[in-house]
>>> print(open('final_18.cif').read())   # mmCIF, C-alpha atoms
data_structure
#
loop_
_atom_site.label_atom_id
_atom_site.label_comp_id
_atom_site.auth_asym_id
_atom_site.auth_seq_id
_atom_site.Cartn_x
_atom_site.Cartn_y
_atom_site.Cartn_z
CA MET A 1 -26.25 -23.36 3.06
CA LYS A 2 -28.89 -22.87 0.35
CA ASP A 3 -31.29 -25.23 2.09
CA THR A 4 -30.88 -23.43 5.40
CA VAL A 5 -31.49 -20.06 3.79
CA LYS A 6 -34.57 -21.40 1.99
CA LYS A 7 -35.84 -22.84 5.25
CA TRP A 8 -35.30 -19.54 7.08
CA LEU A 9 -37.17 -17.63 4.39
CA GLU A 10 -40.01 -20.15 4.18
CA GLU A 11 -40.50 -20.34 7.90
CA LYS A 12 -40.40 -16.54 8.19
CA GLN A 13 -37.43 -16.76 10.50
CA VAL A 14 -36.05 -13.93 8.40
CA ASP A 15 -37.89 -11.52 6.10
CA MET A 16 -34.93 -11.16 3.78
CA PHE A 17 -31.51 -12.62 3.35
CA LEU A 18 -28.51 -10.59 2.27
CA GLY A 19 -25.95 -12.60 0.39
CA TYR A 20 -24.21 -12.75 -2.94
CA LYS A 21 -25.78 -13.80 -6.20
CA MET A 22 -23.81 -14.93 -9.21
CA VAL A 23 -24.66 -12.57 -12.08
CA HIS A 24 -22.73 -13.01 -15.34
CA GLY A 25 -19.79 -14.49 -13.51
CA HIS A 26 -19.69 -11.83 -10.80
CA ALA A 27 -20.80 -12.40 -7.24
CA LEU A 28 -22.90 -9.33 -6.45
CA PRO A 29 -24.58 -8.41 -3.17
CA TYR A 30 -28.20 -9.43 -3.40
CA CYS A 31 -31.31 -9.48 -1.25
CA PHE A 32 -33.08 -12.85 -1.34
CA GLN A 33 -36.76 -12.95 -0.41
CA ALA A 34 -39.39 -15.59 0.23
CA ASP A 35 -41.47 -14.77 -2.86
CA ARG A 36 -38.47 -15.45 -5.11
CA LEU A 37 -37.26 -18.58 -3.41
CA ASP A 38 -35.76 -20.23 -6.50
CA GLU A 39 -33.19 -17.43 -6.70
CA VAL A 40 -31.55 -18.83 -3.60
CA ASP A 41 -30.04 -21.48 -5.88
CA ASP A 42 -27.75 -18.73 -7.20
CA LEU A 43 -26.51 -17.82 -3.71
CA VAL A 44 -22.73 -18.14 -3.60
CA VAL A 45 -19.84 -17.69 -1.22
CA SER A 46 -16.93 -16.35 -3.19
CA ARG A 47 -13.87 -14.26 -2.54
CA GLU A 48 -15.90 -11.12 -3.16
CA ARG A 49 -16.75 -9.03 -0.14
CA TYR A 50 -19.12 -6.19 0.46
CA SER A 51 -20.33 -4.53 3.63
CA LEU A 52 -23.68 -6.33 3.78
CA GLU A 53 -24.13 -5.08 7.33
CA LYS A 54 -24.12 -1.54 6.00
CA MET A 55 -27.02 -2.43 3.71
CA ALA A 56 -28.71 -4.07 6.68
CA THR A 57 -28.24 -0.87 8.70
CA HIS A 58 -29.87 1.19 5.96
CA ILE A 59 -32.75 -1.27 5.68
CA ALA A 60 -33.25 -1.38 9.45
CA ALA A 61 -33.31 2.43 9.57
CA VAL A 62 -36.37 2.43 7.30
CA TYR A 63 -37.99 -0.83 8.46
CA PRO A 64 -37.04 -1.28 12.11
CA GLU A 65 -39.20 -4.41 12.45
CA MET A 66 -37.55 -6.22 9.57
CA LYS A 67 -35.83 -9.48 10.44
CA ILE A 68 -32.69 -9.59 8.38
CA GLY A 69 -30.68 -12.68 7.54
CA MET A 70 -27.11 -12.17 6.43
CA LEU A 71 -24.15 -14.08 5.13
CA ALA A 72 -21.39 -13.22 7.59
CA ARG A 73 -17.66 -13.62 7.58
CA ASP A 74 -15.47 -12.81 10.55
CA CYS A 75 -15.17 -9.16 9.50
CA ASN A 76 -18.95 -8.88 9.09
CA GLN A 77 -19.43 -10.26 12.57
CA ARG A 78 -17.01 -7.77 14.08
CA ALA A 79 -18.82 -4.98 12.22
CA LEU A 80 -22.20 -6.21 13.46
CA LYS A 81 -20.90 -6.12 17.00
CA VAL A 82 -19.69 -2.53 16.61
CA LEU A 83 -22.98 -1.50 14.98
CA ASP A 84 -24.87 -3.07 17.89
CA ILE A 85 -22.71 -1.27 20.45
CA TRP A 86 -23.27 2.05 18.67
CA ASP A 87 -27.06 1.40 18.51
CA GLN A 88 -27.14 1.36 14.72
CA LEU A 89 -28.33 -2.18 14.14
CA LYS A 90 -29.62 -4.22 17.05
CA LYS A 91 -28.22 -7.70 17.10
CA ASP A 92 -31.67 -9.23 17.72
CA SER A 93 -32.84 -8.09 14.29
CA VAL A 94 -30.03 -9.88 12.45
CA THR A 95 -29.57 -13.60 11.97
CA THR A 96 -26.26 -14.54 10.49
CA PHE A 97 -25.22 -17.50 8.44
CA ASN A 98 -21.55 -17.76 9.29
CA VAL A 99 -19.02 -18.66 6.65
CA ASN A 100 -15.34 -19.20 6.93
CA CYS A 101 -12.90 -16.36 6.47
CA CYS A 102 -9.73 -14.77 7.79
CA PRO A 103 -7.30 -17.71 7.99
CA SER A 104 -5.76 -18.21 11.39
CA PRO A 105 -3.96 -21.04 13.19
CA LEU A 106 -7.40 -22.26 14.27
CA LYS A 107 -8.73 -22.57 10.76
CA ASN A 108 -7.32 -24.41 7.83
CA HIS A 109 -9.53 -22.81 5.23
CA GLY A 110 -10.80 -19.35 4.47
CA ASP A 111 -12.58 -17.54 1.63
CA CYS A 112 -11.56 -13.95 1.40
CA SER A 113 -10.14 -11.51 -1.11
CA TYR A 114 -7.42 -10.73 1.41
CA LEU A 115 -5.80 -14.11 1.36
CA GLU A 116 -3.11 -13.15 -1.12
CA PRO A 117 -1.55 -9.73 -0.68
CA SER A 118 -1.05 -8.22 -4.12
CA PRO A 119 2.51 -7.34 -5.10
CA VAL A 120 3.49 -3.67 -5.16
CA GLY A 121 5.17 -2.01 -8.15
CA PRO A 122 8.59 -0.31 -8.12
CA VAL A 123 7.27 3.28 -8.25
CA LYS A 124 5.14 2.74 -5.17
CA VAL A 125 8.04 1.13 -3.37
CA GLU A 126 10.25 4.12 -4.12
CA LEU A 127 7.81 6.96 -3.49
CA GLY A 128 4.96 5.54 -1.50
CA ILE A 129 4.07 3.01 1.11
CA ASP A 130 3.97 -0.71 0.49
CA ASN A 131 0.41 -1.77 1.29
CA ASN A 132 1.68 -5.01 2.81
CA MET A 133 4.04 -3.27 5.22
CA SER A 134 3.58 -4.03 8.89
CA VAL A 135 2.70 -1.23 11.32
CA GLU A 136 5.99 -1.77 13.16
CA HIS A 137 7.98 -1.43 9.96
CA ALA A 138 6.11 1.73 8.93
CA GLU A 139 6.70 3.25 12.37
CA HIS A 140 10.44 2.79 12.09
CA LEU A 141 10.94 4.59 8.80
CA ASP A 142 12.99 7.77 9.03
CA GLN A 143 10.79 10.80 9.83
CA LYS A 144 11.45 12.64 6.56
CA GLU A 145 10.92 9.51 4.53
CA ARG A 146 7.76 8.64 6.43
CA PHE A 147 6.30 12.10 5.89
CA ALA A 148 7.17 12.25 2.20
CA HIS A 149 5.87 8.77 1.51
CA TRP A 150 2.57 9.26 3.30
CA MET A 151 2.09 12.63 1.63
CA TYR A 152 2.71 10.96 -1.73
CA GLU A 153 0.01 8.41 -0.92
CA PHE A 154 -2.46 10.99 0.39
CA SER A 155 -1.91 13.37 -2.52
CA LYS A 156 -3.11 10.67 -4.92
CA CYS A 157 -6.56 10.88 -3.36
CA ILE A 158 -9.32 11.85 -5.79
CA LYS A 159 -11.78 12.40 -2.94
CA CYS A 160 -14.28 9.89 -4.20
CA TYR A 161 -15.41 9.13 -0.61
CA GLY A 162 -15.25 5.45 -1.52
CA CYS A 163 -13.46 4.55 1.72
CA ARG A 164 -16.20 6.18 3.75
CA ASN A 165 -19.06 4.87 1.67
CA ILE A 166 -17.95 1.25 1.83
CA CYS A 167 -17.01 1.37 5.51
CA PRO A 168 -19.40 -0.81 7.52
CA VAL A 169 -18.89 1.24 10.68
CA CYS A 170 -19.26 4.71 9.10
CA PHE A 171 -22.81 5.75 9.85
CA CYS A 172 -22.80 9.41 10.97
CA LYS A 173 -25.57 11.47 9.39
CA ASP A 174 -23.40 14.58 9.42
CA CYS A 175 -20.00 13.53 8.19
CA SER A 176 -17.03 15.71 9.12
CA LEU A 177 -15.59 14.96 5.72
CA GLU A 178 -18.43 16.95 4.20
CA HIS A 179 -18.51 19.72 6.75
CA PRO A 180 -17.85 22.92 4.77
CA GLU A 181 -15.83 24.49 7.57
CA LEU A 182 -13.52 21.50 7.87
CA ILE A 183 -13.22 20.16 4.36
CA ARG A 184 -14.23 21.81 1.12
CA SER A 185 -17.51 20.19 0.28
CA GLY A 186 -18.41 17.84 -2.49
CA GLY A 187 -15.76 16.82 -4.93
CA ALA A 188 -13.67 20.02 -4.63
CA LEU A 189 -10.12 19.08 -5.54
CA PRO A 190 -7.32 18.79 -4.70
CA THR A 191 -8.04 16.90 -1.52
CA GLU A 192 -7.03 18.60 1.71
CA VAL A 193 -3.85 16.67 2.38
CA PRO A 194 -3.35 15.24 4.96
CA LEU A 195 -6.39 16.63 6.76
CA PHE A 196 -8.97 14.55 4.93
CA HIS A 197 -7.25 11.26 5.71
CA LEU A 198 -6.26 12.12 9.25
CA VAL A 199 -9.80 13.22 10.12
CA ARG A 200 -11.07 9.92 8.85
CA ALA A 201 -8.32 8.00 10.64
CA ALA A 202 -9.08 9.75 13.93
CA HIS A 203 -12.76 8.95 13.54
CA MET A 204 -11.92 5.30 13.00
CA ALA A 205 -10.51 5.09 16.51
CA GLY A 206 -12.58 2.71 18.59
CA ARG A 207 -14.59 1.66 15.53
CA CYS A 208 -12.34 0.29 12.79
CA ILE A 209 -12.60 -3.48 12.73
CA ASP A 210 -9.79 -3.95 10.18
CA CYS A 211 -11.91 -5.46 7.42
CA GLY A 212 -9.83 -3.73 4.76
CA LEU A 213 -12.79 -2.85 2.55
CA CYS A 214 -11.64 0.80 2.41
CA GLU A 215 -8.39 -0.22 0.78
CA ASP A 216 -10.21 -2.64 -1.50
CA ALA A 217 -12.49 0.19 -2.59
CA CYS A 218 -9.80 2.84 -3.01
CA PRO A 219 -9.25 3.46 -6.74
CA MET A 220 -5.92 5.15 -6.01
CA ASP A 221 -4.51 2.29 -3.94
CA ILE A 222 -3.81 4.35 -0.83
CA PRO A 223 -2.65 2.01 2.00
CA LEU A 224 -5.63 2.90 4.20
CA ARG A 225 -5.69 -0.41 5.96
CA LEU A 226 -2.18 0.17 7.23
CA LEU A 227 -3.12 3.65 8.49
CA TYR A 228 -6.18 2.35 10.30
CA ARG A 229 -4.26 -0.61 11.63
CA LYS A 230 -1.98 1.90 13.34
CA VAL A 231 -5.11 3.56 14.73
CA GLY A 232 -6.31 0.19 15.96
CA SER A 233 -3.02 -0.75 17.58
CA SER A 234 -2.79 2.65 19.34
CA VAL A 235 -6.32 2.31 20.67
CA SER A 236 -5.58 -1.21 21.82
CA ASP A 237 -2.32 -0.16 23.53
CA LEU A 238 -3.71 2.98 25.18
CA PHE A 239 -7.24 1.97 26.06
CA GLY A 240 -7.05 -1.82 25.97
CA TYR A 241 -10.03 -1.85 23.63
CA ARG A 242 -10.36 -3.80 20.39
CA PRO A 243 -13.45 -2.81 18.39
CA GLY A 244 -15.62 -5.70 17.29
CA ILE A 245 -13.88 -8.09 19.67
CA ASP A 246 -14.25 -6.54 23.11
CA GLU A 247 -17.58 -5.85 24.74
CA GLY A 248 -18.70 -2.44 25.87
CA LYS A 249 -18.71 1.06 24.52
CA SER A 250 -15.77 2.55 22.72
CA PRO A 251 -13.46 4.56 25.05
CA PHE A 252 -14.07 7.50 22.74
CA ASN A 253 -17.68 7.51 23.93
CA LEU A 254 -16.70 8.02 27.54
CA ILE A 255 -15.98 11.35 29.15
CA GLY A 256 -13.40 10.73 31.82
CA ASP A 257 -12.42 7.32 33.07
CA ALA A 258 -15.00 4.62 33.54
CA PRO A 259 -16.54 5.11 36.98
CA THR A 260 -15.11 3.01 39.78
CA THR A 261 -16.18 2.58 43.38
CA GLU A 262 -12.59 2.24 44.57
CA PRO A 263 -11.44 5.10 46.79
CA ARG A 264 -8.57 6.88 45.15
CA PRO A 265 -5.89 9.14 46.63
CA ILE A 266 -6.47 12.83 45.96
CA MET B 267 -8.91 9.96 29.36
CA THR B 268 -8.04 13.23 27.63
CA GLN B 269 -4.40 12.38 28.08
CA LYS B 270 -4.91 9.04 26.38
CA LYS B 271 -6.87 10.62 23.56
CA MET B 272 -4.12 13.16 23.01
CA THR B 273 -1.48 10.43 23.11
CA PHE B 274 -3.49 8.64 20.47
CA LEU B 275 -3.48 11.75 18.26
CA GLN B 276 0.23 12.23 18.84
CA GLU B 277 0.85 8.65 17.75
CA LEU B 278 -1.34 9.08 14.68
CA LEU B 279 0.42 12.29 13.66
CA GLY B 280 3.78 10.68 14.33
CA PHE B 281 2.86 7.75 12.12
CA VAL B 282 2.58 10.02 9.08
CA GLY B 283 5.73 11.98 10.02
CA LEU B 284 4.34 14.93 11.96
CA GLU B 285 5.61 14.06 15.41
CA ASP B 286 6.32 16.35 18.40
CA ARG B 287 4.01 19.13 17.29
CA LEU B 288 1.14 18.45 19.64
CA HIS B 289 1.42 19.09 23.37
CA LEU B 290 -0.96 18.73 26.27
CA ALA B 291 -0.55 20.24 29.73
CA TRP B 292 -2.79 20.82 32.71
CA ILE B 293 -2.57 24.42 33.89
CA SER B 294 -4.93 25.97 36.35
CA SER B 295 -5.97 29.59 36.02
CA ALA B 296 -3.93 30.23 39.15
CA GLU B 297 -0.74 28.89 37.62
CA ALA B 298 0.44 31.80 35.53
CA GLN B 299 4.09 30.91 35.90
CA LYS B 300 3.49 27.35 34.82
CA PHE B 301 1.55 28.59 31.82
CA GLN B 302 4.39 30.91 30.90
CA LYS B 303 6.92 28.10 31.24
CA VAL B 304 4.94 25.53 29.24
CA VAL B 305 4.25 27.94 26.40
CA THR B 306 7.86 29.15 26.26
CA ASP B 307 9.22 25.63 26.31
CA PHE B 308 6.86 24.46 23.61
CA THR B 309 7.59 27.52 21.47
CA GLU B 310 11.29 26.77 21.78
CA LYS B 311 10.71 23.16 20.87
CA ILE B 312 8.76 24.11 17.76
CA ARG B 313 11.42 26.67 16.84
CA THR B 314 14.12 23.98 16.91
CA LEU B 315 11.90 21.70 14.82
CA GLY B 316 11.51 24.44 12.21
CA PRO B 317 8.47 25.29 10.15
CA SER B 318 5.87 22.60 9.67
CA PRO B 319 6.55 20.47 6.61
CA LEU B 320 2.91 21.05 5.74
CA ALA B 321 3.51 24.78 5.40
CA ARG B 322 5.62 24.07 2.36
CA ASP B 323 3.92 22.84 -0.71
CA TYR B 324 3.59 19.16 0.04
CA GLN B 325 4.14 18.40 -3.64
CA LYS B 326 7.78 19.37 -3.18
CA ALA B 327 8.23 17.08 -0.25
CA VAL B 328 6.92 14.30 -2.41
CA SER B 329 9.86 14.76 -4.85
CA LEU B 330 8.04 13.40 -7.87
#
>>> encode(input="final_18.cif", output="structure tokens")
Amino acid sequence: MKDTVKKWLEEKQVDMFLGYKMVHGHALPYCFQADRLDEVDDLVVSRERYSLEKMATHIAAVYPEMKIGMLARDCNQRALKVLDIWDQLKKDSVTTFNVNCCPSPLKNHGDCSYLEPSPVGPVKVELGIDNNMSVEHAEHLDQKERFAHWMYEFSKCIKCYGCRNICPVCFCKDCSLEHPELIRSGGALPTEVPLFHLVRAAHMAGRCIDCGLCEDACPMDIPLRLLYRKVGSSVSDLFGYRPGIDEGKSPFNLIGDAPTTEPRPI
Amino acid sequence: MTQKKMTFLQELLGFVGLEDRLHLAWISSAEAQKFQKVVTDFTEKIRTLGPSPLARDYQKAVSL
């Protein structure tokens, strides 16, 4: 891996390479460049994850000609696909070095912080939502219980915007979550429950690639991944569209059904 | 498409325990009776459901 990255940088195949560098025992996101080639020796693949594609999007917004190399796991690749579809980061400007992740029957090895679901304490089990719960299970809770438990989770929110800031597919310049007429701006607390989270969930429709970084980032341990998984499964059931996997624009970008030439009964 | 989008929202609201409170109907400006019927029916439905749980202080629902 290190040799390939060095070769890419030397041969100007990429102008920069986004990966992780080991700093004092922590793998931190880092931008490797040709003039500091020896640093590539510190490039690591660890369990740590960060939305490198989001950094790439920001870089490409300022330097559109920049050729960006990137360490990419499966979730990064799905995000890159969504960003390409939404015209945020053209896929021609990114070269990926693919590494293994997301274990599946096809792979016998993966490096990802999501390999082991962390156990959930008794208070959360009683009052809140188990982060490892399946969507089907969460759907079948009793209505009162479901409401109370989600409200408990949402009311913990400290409105740090961490979920939005880490999200690789959140790129709107004007974010609804900071629109003064929808949500009180800045860090005004308490958070508008459940509006804040439902607005974000609705906006994830057709975009969320289920990387789980939002939940990783959440300091209050709100089961965001479960909420957005429900969003994803609804979108997949209703529209037959899986963001990051299927080609084409999100159904939420279309007004009316996709045009067909078939004659239809009136 | 609108129908699907509304179904999506209904599912999302239902997921967090706010089901049956969103309704979509196509009513032309010429269909006054249909409008009257849809609105009455939905009002009745909401009345049987009772006030929105969000109208209460959600802290109470959370039974800390």
>>> interface_residues(input="final_18.cif", of="chain A", to="chain B", cutoff="7 Å", atoms="only C-alpha atoms", output="MDAnalysis selection string")
chainID A and resid 139 143:144 146:152 231 234:235 238 256:257
>>> write_last_selection(input="final_18.cif", atoms="C-alpha atoms", output="mmCIF file, keeping the file's coordinate frame")
data_model
loop_
_atom_site.group_PDB
_atom_site.id
_atom_site.type_symbol
_atom_site.label_atom_id
_atom_site.label_comp_id
_atom_site.auth_asym_id
_atom_site.auth_seq_id
_atom_site.Cartn_x
_atom_site.Cartn_y
_atom_site.Cartn_z
ATOM 1 C CA GLU A 139 6.700 3.250 12.370
ATOM 2 C CA GLN A 143 10.790 10.800 9.830
ATOM 3 C CA LYS A 144 11.450 12.640 6.560
ATOM 4 C CA ARG A 146 7.760 8.640 6.430
ATOM 5 C CA PHE A 147 6.300 12.100 5.890
ATOM 6 C CA ALA A 148 7.170 12.250 2.200
ATOM 7 C CA HIS A 149 5.870 8.770 1.510
ATOM 8 C CA TRP A 150 2.570 9.260 3.300
ATOM 9 C CA MET A 151 2.090 12.630 1.630
ATOM 10 C CA TYR A 152 2.710 10.960 -1.730
ATOM 11 C CA VAL A 231 -5.110 3.560 14.730
ATOM 12 C CA SER A 234 -2.790 2.650 19.340
ATOM 13 C CA VAL A 235 -6.320 2.310 20.670
ATOM 14 C CA LEU A 238 -3.710 2.980 25.180
ATOM 15 C CA GLY A 256 -13.400 10.730 31.820
ATOM 16 C CA ASP A 257 -12.420 7.320 33.070
#
>>> closest_residue(input="final_18.cif", among="B:Thr309, B:Thr314, B:Gln302, B:Gln276", to="Leu290 in chain B", atoms="only C-alpha atoms")
B:Gln276
>>> resolve_selection(input="final_18.cif", expression="the PyMOL selection byres ((chain A and resi 181-186) around 12)", output="list of chain:residue names")
A:Ile158, A:Lys159, A:Cys160, A:Tyr161, A:Cys175, A:Ser176, A:Leu177, A:Glu178, A:His179, A:Pro180, A:Gly187, A:Ala188, A:Leu189, A:Pro190, A:Thr191, A:Glu192, A:Val193, A:Pro194, A:Leu195, A:Phe196, A:His197, A:Leu198, A:Val199, A:Arg200
>>> resolve_selection(input="final_18.cif", expression="the PyMOL selection byres ((chain A and resi 16) around 12)", output="JSON, numbers by chain")
{"A": [5, 6, 7, 8, 9, 10, 11, 12, 13, 14, 15, 17, 18, 19, 30, 31, 32, 33, 34, 35, 36, 37, 40, 55, 56, 59, 60, 63, 65, 66, 67, 68, 69, 70, 71, 93, 94, 95, 96]}
>>> closest_residue(input="final_18.cif", among="A:Asp221, A:Glu39, A:Gly232, A:Phe252", to="Pro119 in chain A", atoms="only C-alpha atoms")
A:Asp221
>>> atom_distance(input="final_18.cif", atom1="CA of Pro219 in chain A", atom2="CA of His137 in chain A")
24.5 Å
>>> atom_distance(input="final_18.cif", atom1="CA of Asp84 in chain A", atom2="CA of Gly212 in chain A")
20.0 Å
>>> atom_distance(input="final_18.cif", atom1="CA of Pro64 in chain A", atom2="CA of Gly248 in chain A")
23.0 Å
>>> residues_around(input="final_18.cif", residues="His58 in chain A", least_positions_apart="3", cutoff="12 Å", atoms="all atoms listed in the file", output="list in words")
Ser51, Leu52, Glu53, Lys54, Met55, Ala61, Val62, Tyr63, Pro64, Met66, Ile68, Leu83, Gln88, Leu89, Pro168, Val169, Cys170, Phe171, Cys172 and Lys173 of chain A
